[in-house]
Amino acid sequence: MQQQQHRSPLAPRLKRGRVPFLALGTAAALLLTGCSTASGSAPDATASTSADPQRRITLTYDGGLLVLDAASLEVVGDLPLDGFNRVNAAGDGRHVLVTTTKGFQVLDTGTWTDEDGTSKQADPVLTDLVFPADTAGHVVRHADKTILFADGSGDTTIFDSADLLEATDELPETETIPSEAAHHGVAIELEDGTVLSTIGTPDARTGVRVLDDSRTEIARNEQCPSVHGEGTVKDEVVVFGCSDGVLVYDSGVFTKIQAPDAYGRTGNQYVSETSSIAVGDYNSDPDAEGYDLRQLAFTDTVAKTTKIVDLPEGVGYTWRDVARGPNDEVIVLGNDGSLHILDEQTGAVTDTIEVIDAWEPPAEWQDAHPALVVQDGVAYVTDPATKSIHAVDLASGDITTGELPGVPNEIAVVTG
């Protein structure tokens, strides 16, 4: 697939229109007849093969999970599952972790690459394997490890991402690290075995602690009220969001970067491991209702500075609508229905691609609203209003659309 060409930050803002859509509703309906799979064991390796890895997309809807072929956007699996469920790629290119009431349940999307380099595909299966967790929360993938956080206990569970590829009847070996108290938190393990984990209680979150590879605490910082989310940028610098700025961990040293506003909340970080710029969502109004955000926080982790970037007039977004592109550019799915491409250094809009109709921000964060994931130069955009998903080639602006049998909510992409 053609990669997006680098654009100068001084390049003029372009506005591209839509190209004719390829509707796949009929094909999807036919596939649903024969490809729905119940919970059970992982699929056998007696599957179709292909020369190159085949990406697949997992979507949640009210009552189940959909698995799509990422190239054609055809539905290859419809798996019933009650409740409000969240999905995160597990980090091994094949599995998705589904957040359920029991913990993190393993979904085998049915696409993987063998050790000999052969790509294989099979029917998706929601397996019976579950990483137990009291109120399962954040999933982090870094340095070939997958890190799970249980809000109800404060436990951090860590496993080698690749080990999940071999899991058929039992979970891979894991390590569990308890917190001082249960809280809505997050943790990450660095390449040298260091673990950073949030500090908090059910009533308040205050900062981050550092554990060495023997799990002895070696540092902490409690100057990050309402700490939430994390992101790792170039040279393994880690950034956490606070309600008054961000907290940066760089080579054993914490730096608190104060927000320009008395209340300046950053909750999520959108990062690239080849860029030293971390981008966070930003809200300066503590009384704001809903999830209609209008600014982004760009943190230079080398200079240890943060600047606030305004989106174009009238354009808002939610925490689900920001990603980084193949050249570290910042991509925002605005509630005007367009993808806005921002230069990571200046924050200037360098390109705009119209994708869907304008949409309203959700009243509650769980409510279905458009979501964005970017993988290998393709932006996948969900559209609950039309029960569809769109694949946008960021280089050409070409758009392919697939119709869905349900209203999409959350999205995760595996590489195969």
# chains A, B, ... in the order shown; residues from 1 in each chain; ligands from 1

$ residues_around --residues "segment 92-94 of chain A" --least-positions-apart "6" --cutoff "9 Å" --atoms "only C-alpha atoms" --output "number ranges by chain"
A: 55-56, 107-113, 144, 146, 160-165, 413-416

$ write_last_selection --atoms "N, CA, C and O atoms" --output "mmCIF file, in the first residue's frame"
data_model
loop_
_atom_site.group_PDB
_atom_site.id
_atom_site.type_symbol
_atom_site.label_atom_id
_atom_site.label_comp_id
_atom_site.auth_asym_id
_atom_site.auth_seq_id
_atom_site.Cartn_x
_atom_site.Cartn_y
_atom_site.Cartn_z
ATOM 1 N N ARG A 55 -4.589 -8.012 7.856
ATOM 2 C CA ARG A 55 -5.155 -7.324 9.020
ATOM 3 C C ARG A 55 -6.630 -7.674 9.189
ATOM 4 O O ARG A 55 -7.334 -7.927 8.209
ATOM 5 N N ARG A 56 -7.068 -7.655 10.442
ATOM 6 C CA ARG A 56 -8.487 -7.789 10.742
ATOM 7 C C ARG A 56 -8.898 -6.738 11.771
ATOM 8 O O ARG A 56 -8.081 -6.273 12.563
ATOM 9 N N LEU A 107 -10.009 -12.940 22.447
ATOM 10 C CA LEU A 107 -10.643 -13.163 21.158
ATOM 11 C C LEU A 107 -9.559 -13.502 20.145
ATOM 12 O O LEU A 107 -8.619 -12.730 19.938
ATOM 13 N N ASP A 108 -9.668 -14.673 19.532
ATOM 14 C CA ASP A 108 -8.780 -15.046 18.436
ATOM 15 C C ASP A 108 -9.417 -14.543 17.154
ATOM 16 O O ASP A 108 -10.450 -15.056 16.729
ATOM 17 N N THR A 109 -8.819 -13.529 16.533
ATOM 18 C CA THR A 109 -9.422 -12.949 15.339
ATOM 19 C C THR A 109 -9.261 -13.836 14.110
ATOM 20 O O THR A 109 -9.866 -13.574 13.069
ATOM 21 N N GLY A 110 -8.410 -14.869 14.205
ATOM 22 C CA GLY A 110 -8.277 -15.808 13.103
ATOM 23 C C GLY A 110 -7.346 -15.355 12.006
ATOM 24 O O GLY A 110 -7.473 -15.804 10.862
ATOM 25 N N THR A 111 -6.398 -14.503 12.327
ATOM 26 C CA THR A 111 -5.369 -14.139 11.352
ATOM 27 C C THR A 111 -4.028 -14.088 12.057
ATOM 28 O O THR A 111 -3.908 -13.518 13.131
ATOM 29 N N TRP A 112 -3.017 -14.752 11.468
ATOM 30 C CA TRP A 112 -1.705 -14.796 12.111
ATOM 31 C C TRP A 112 -0.659 -15.206 11.077
ATOM 32 O O TRP A 112 -0.993 -15.617 9.966
ATOM 33 N N THR A 113 0.606 -15.062 11.464
ATOM 34 C CA THR A 113 1.719 -15.453 10.613
ATOM 35 C C THR A 113 2.552 -16.501 11.322
ATOM 36 O O THR A 113 3.004 -16.283 12.448
ATOM 37 N N ASP A 144 7.460 -5.500 23.645
ATOM 38 C CA ASP A 144 7.092 -6.916 23.503
ATOM 39 C C ASP A 144 6.366 -7.463 24.726
ATOM 40 O O ASP A 144 6.271 -8.681 24.903
ATOM 41 N N THR A 146 2.700 -7.138 27.183
ATOM 42 C CA THR A 146 1.336 -6.648 27.313
ATOM 43 C C THR A 146 1.048 -6.474 28.797
ATOM 44 O O THR A 146 1.295 -7.387 29.585
ATOM 45 N N ASP A 160 4.529 -11.797 28.233
ATOM 46 C CA ASP A 160 5.181 -11.618 26.941
ATOM 47 C C ASP A 160 4.121 -11.719 25.845
ATOM 48 O O ASP A 160 3.428 -12.738 25.731
ATOM 49 N N SER A 161 4.011 -10.683 25.035
ATOM 50 C CA SER A 161 2.948 -10.646 24.029
ATOM 51 C C SER A 161 2.981 -11.859 23.117
ATOM 52 O O SER A 161 1.942 -12.444 22.795
ATOM 53 N N ALA A 162 4.181 -12.265 22.694
ATOM 54 C CA ALA A 162 4.304 -13.386 21.750
ATOM 55 C C ALA A 162 3.821 -14.699 22.341
ATOM 56 O O ALA A 162 3.414 -15.609 21.598
ATOM 57 N N ASP A 163 3.870 -14.825 23.679
ATOM 58 C CA ASP A 163 3.441 -16.077 24.307
ATOM 59 C C ASP A 163 1.964 -16.353 24.087
ATOM 60 O O ASP A 163 1.532 -17.510 24.134
ATOM 61 N N LEU A 164 1.189 -15.295 23.838
ATOM 62 C CA LEU A 164 -0.244 -15.502 23.622
ATOM 63 C C LEU A 164 -0.503 -16.211 22.299
ATOM 64 O O LEU A 164 -1.535 -16.873 22.136
ATOM 65 N N LEU A 165 0.429 -16.114 21.360
ATOM 66 C CA LEU A 165 0.270 -16.809 20.084
ATOM 67 C C LEU A 165 0.191 -18.319 20.261
ATOM 68 O O LEU A 165 -0.456 -19.020 19.478
ATOM 69 N N VAL A 413 -7.621 -3.079 15.908
ATOM 70 C CA VAL A 413 -7.075 -3.637 14.660
ATOM 71 C C VAL A 413 -5.869 -4.504 15.001
ATOM 72 O O VAL A 413 -5.017 -4.095 15.800
ATOM 73 N N VAL A 414 -5.815 -5.698 14.416
ATOM 74 C CA VAL A 414 -4.635 -6.569 14.558
ATOM 75 C C VAL A 414 -3.944 -6.670 13.213
ATOM 76 O O VAL A 414 -4.592 -6.592 12.161
ATOM 77 N N THR A 415 -2.624 -6.873 13.237
ATOM 78 C CA THR A 415 -1.839 -6.815 12.008
ATOM 79 C C THR A 415 -1.741 -8.132 11.270
ATOM 80 O O THR A 415 -1.352 -8.178 10.107
ATOM 81 N N GLY A 416 -2.057 -9.254 11.960
ATOM 82 C CA GLY A 416 -1.947 -10.550 11.333
ATOM 83 C C GLY A 416 -0.534 -11.087 11.320
ATOM 84 O O GLY A 416 -0.220 -12.046 10.647
#

$ residues_around --residues "segment 329-341 of chain A" --least-positions-apart "2" --cutoff "7 Å" --atoms "only C-alpha atoms" --output "CSV table (one decimal) with N, CA, C and O atoms, in the first residue's frame"
chain,number,residue,atom,x,y,z
A,315,VAL,N,-14.7,22.8,15.2
A,315,VAL,CA,-14.4,21.4,15.1
A,315,VAL,C,-14.1,20.9,16.5
A,315,VAL,O,-13.2,21.4,17.3
A,316,GLY,N,-14.8,19.8,16.9
A,316,GLY,CA,-14.5,19.2,18.2
A,316,GLY,C,-14.2,17.7,18.0
A,316,GLY,O,-14.3,17.2,16.9
A,317,TYR,N,-13.9,17.0,19.0
A,317,TYR,CA,-13.5,15.6,19.0
A,317,TYR,C,-13.7,15.0,20.4
A,317,TYR,O,-14.0,15.7,21.3
A,321,ASP,N,-10.9,9.9,19.1
A,321,ASP,CA,-10.9,10.4,17.7
A,321,ASP,C,-9.5,11.0,17.4
A,321,ASP,O,-9.4,11.9,16.5
A,322,VAL,N,-8.4,10.6,18.0
A,322,VAL,CA,-7.1,11.1,17.8
A,322,VAL,C,-6.1,9.9,17.5
A,322,VAL,O,-6.2,8.9,18.2
A,323,ALA,N,-5.2,10.0,16.6
A,323,ALA,CA,-4.3,9.0,16.3
A,323,ALA,C,-3.0,9.6,15.7
A,323,ALA,O,-3.0,10.8,15.3
A,324,ARG,N,-2.0,8.8,15.6
A,324,ARG,CA,-0.7,9.3,14.9
A,324,ARG,C,-0.6,8.6,13.6
A,324,ARG,O,-0.9,7.4,13.5
A,325,GLY,N,-0.1,9.3,12.6
A,325,GLY,CA,0.0,8.7,11.3
A,325,GLY,C,1.4,8.1,11.0
A,325,GLY,O,2.3,8.1,11.8
A,327,ASN,N,3.9,9.1,9.4
A,327,ASN,CA,5.0,10.1,9.5
A,327,ASN,C,5.0,10.9,10.8
A,327,ASN,O,5.5,12.0,10.8
A,343,ASP,N,0.5,19.0,11.6
A,343,ASP,CA,1.9,18.8,11.7
A,343,ASP,C,2.3,18.6,13.2
A,343,ASP,O,1.8,19.4,14.0
A,344,GLU,N,3.1,17.6,13.5
A,344,GLU,CA,3.4,17.3,14.9
A,344,GLU,C,4.3,18.4,15.5
A,344,GLU,O,4.3,18.6,16.8
A,349,VAL,N,-2.8,22.7,10.6
A,349,VAL,CA,-3.6,21.7,9.8
A,349,VAL,C,-3.0,21.7,8.4
A,349,VAL,O,-2.9,22.8,7.7
A,350,THR,N,-2.5,20.6,7.9
A,350,THR,CA,-1.9,20.5,6.6
A,350,THR,C,-2.8,19.8,5.5
A,350,THR,O,-2.5,19.9,4.3
A,351,ASP,N,-3.8,19.2,6.0
A,351,ASP,CA,-4.7,18.5,5.1
A,351,ASP,C,-6.0,18.2,5.7
A,351,ASP,O,-6.1,18.1,7.0
A,352,THR,N,-7.1,18.1,5.0
A,352,THR,CA,-8.4,17.7,5.5
A,352,THR,C,-9.1,16.8,4.5
A,352,THR,O,-9.1,17.0,3.3
A,353,ILE,N,-9.6,15.7,5.0
A,353,ILE,CA,-10.2,14.7,4.2
A,353,ILE,C,-11.7,14.5,4.7
A,353,ILE,O,-11.8,14.0,5.9
A,354,GLU,N,-12.6,14.8,3.9
A,354,GLU,CA,-14.0,14.5,4.3
A,354,GLU,C,-14.3,13.0,4.3
A,354,GLU,O,-14.1,12.4,3.3
A,355,VAL,N,-14.9,12.5,5.4
A,355,VAL,CA,-15.2,11.1,5.4
A,355,VAL,C,-16.7,10.8,5.7
A,355,VAL,O,-17.3,10.0,5.0
A,356,ILE,N,-17.2,11.4,6.8
A,356,ILE,CA,-18.6,11.1,7.2
A,356,ILE,C,-19.4,12.4,7.4
A,356,ILE,O,-18.8,13.5,7.3
A,357,ASP,N,-20.6,12.3,7.7
A,357,ASP,CA,-21.4,13.5,8.0
A,357,ASP,C,-21.1,14.0,9.4
A,357,ASP,O,-20.5,13.2,10.2
A,358,ALA,N,-21.4,15.2,9.6
A,358,ALA,CA,-21.2,15.8,11.0
A,358,ALA,C,-21.9,15.0,12.0
A,358,ALA,O,-23.0,14.4,11.8
A,359,TRP,N,-21.4,15.0,13.2
A,359,TRP,CA,-22.0,14.2,14.3
A,359,TRP,C,-21.9,14.9,15.6
A,359,TRP,O,-21.1,15.9,15.8
A,360,GLU,N,-22.8,14.5,16.5
A,360,GLU,CA,-22.9,15.2,17.8
A,360,GLU,C,-22.0,14.4,18.8
A,360,GLU,O,-21.9,13.2,18.8
A,372,LEU,N,-11.6,6.3,15.7
A,372,LEU,CA,-10.6,6.3,14.7
A,372,LEU,C,-9.4,5.4,15.1
A,372,LEU,O,-9.0,5.5,16.3

$ closest_residue --among "A:Lys145, A:Val233, A:Arg265, A:Arg320" --to "Asp287 of chain A" --atoms "only C-alpha atoms"
A:Arg265

$ residues_around --residues "Ala412 of chain A" --least-positions-apart "5" --cutoff "12 Å" --atoms "only C-alpha atoms" --output "number ranges by chain"
A: 55-60, 65-68, 70, 86-91, 93-98, 107, 109, 139, 320, 371-375, 380-382

$ closest_residue --among "A:Gly314, A:Gly137, A:Leu81, A:Val195" --to "Glu217 of chain A" --atoms "only C-alpha atoms"
A:Val195

$ select_by_dssp --residues "segment 63-167 of chain A" --states "strand (DSSP E or B)" --output "PyMOL selection string"
chain A and resi 64-69+75-80+86-89+95-99+103-108+111-113+119-121+125-132+136-142+145-150+156-160

$ closest_residue --among "A:Thr135, A:Thr274, A:Gln258, A:Thr168" --to "Cys242 of chain A" --atoms "only C-alpha atoms"
A:Gln258

$ residues_around --residues "Leu129 of chain A" --least-positions-apart "4" --cutoff "8 Å" --atoms "only C-alpha atoms" --output "VMD selection string"
chain A and resid 105 to 106 169 to 171

$ residues_around --residues "Asp62 of chain A" --least-positions-apart "6" --cutoff "9 Å" --atoms "only C-alpha atoms" --output "list of chain:residue names"
A:Leu81, A:Asp82, A:Gly83, A:Phe84, A:Asn85, A:Gly406, A:Val407, A:Pro408, A:Asn409

$ residues_around --residues "Phe298 of chain A" --least-positions-apart "5" --cutoff "12 Å" --atoms "only C-alpha atoms" --output "ChimeraX atom specification"
/A:239,241,245-246,257,259,266,268-271,275-282,303-310,329-330,342-348

$ atom_distance --atom1 "atom CA of His228 of chain A" --atom2 "atom CA of Asp261 of chain A"
18.0 Å

$ residues_around --residues "Gly103 of chain A" --least-positions-apart "5" --cutoff "6 Å" --atoms "only C-alpha atoms" --output "short mmCIF file (atom, residue, chain, number, x, y, z; two decimals) with N, CA, C and O atoms, in the first residue's frame"
data_model
loop_
_atom_site.label_atom_id
_atom_site.label_comp_id
_atom_site.auth_asym_id
_atom_site.auth_seq_id
_atom_site.Cartn_x
_atom_site.Cartn_y
_atom_site.Cartn_z
N PHE A 131 -7.98 -13.53 31.25
CA PHE A 131 -7.06 -13.02 32.26
C PHE A 131 -7.93 -12.41 33.36
O PHE A 131 -8.56 -11.37 33.14
N PRO A 132 -8.01 -13.06 34.53
CA PRO A 132 -8.93 -12.58 35.57
C PRO A 132 -8.58 -11.16 35.99
O PRO A 132 -7.40 -10.81 36.13
N ALA A 133 -9.59 -10.34 36.20
CA ALA A 133 -9.37 -8.96 36.64
C ALA A 133 -10.64 -8.44 37.29
O ALA A 133 -11.74 -8.62 36.74
N ALA A 136 -11.76 -4.85 34.93
CA ALA A 136 -10.67 -4.73 33.95
C ALA A 136 -10.64 -3.34 33.34
O ALA A 136 -11.69 -2.76 33.03
#

$ atom_distance --atom1 "atom CA of Asp367 of chain A" --atom2 "atom CA of Ser272 of chain A"
27.7 Å

$ atom_distance --atom1 "atom CA of Gly377 of chain A" --atom2 "atom CA of Gly397 of chain A"
10.6 Å
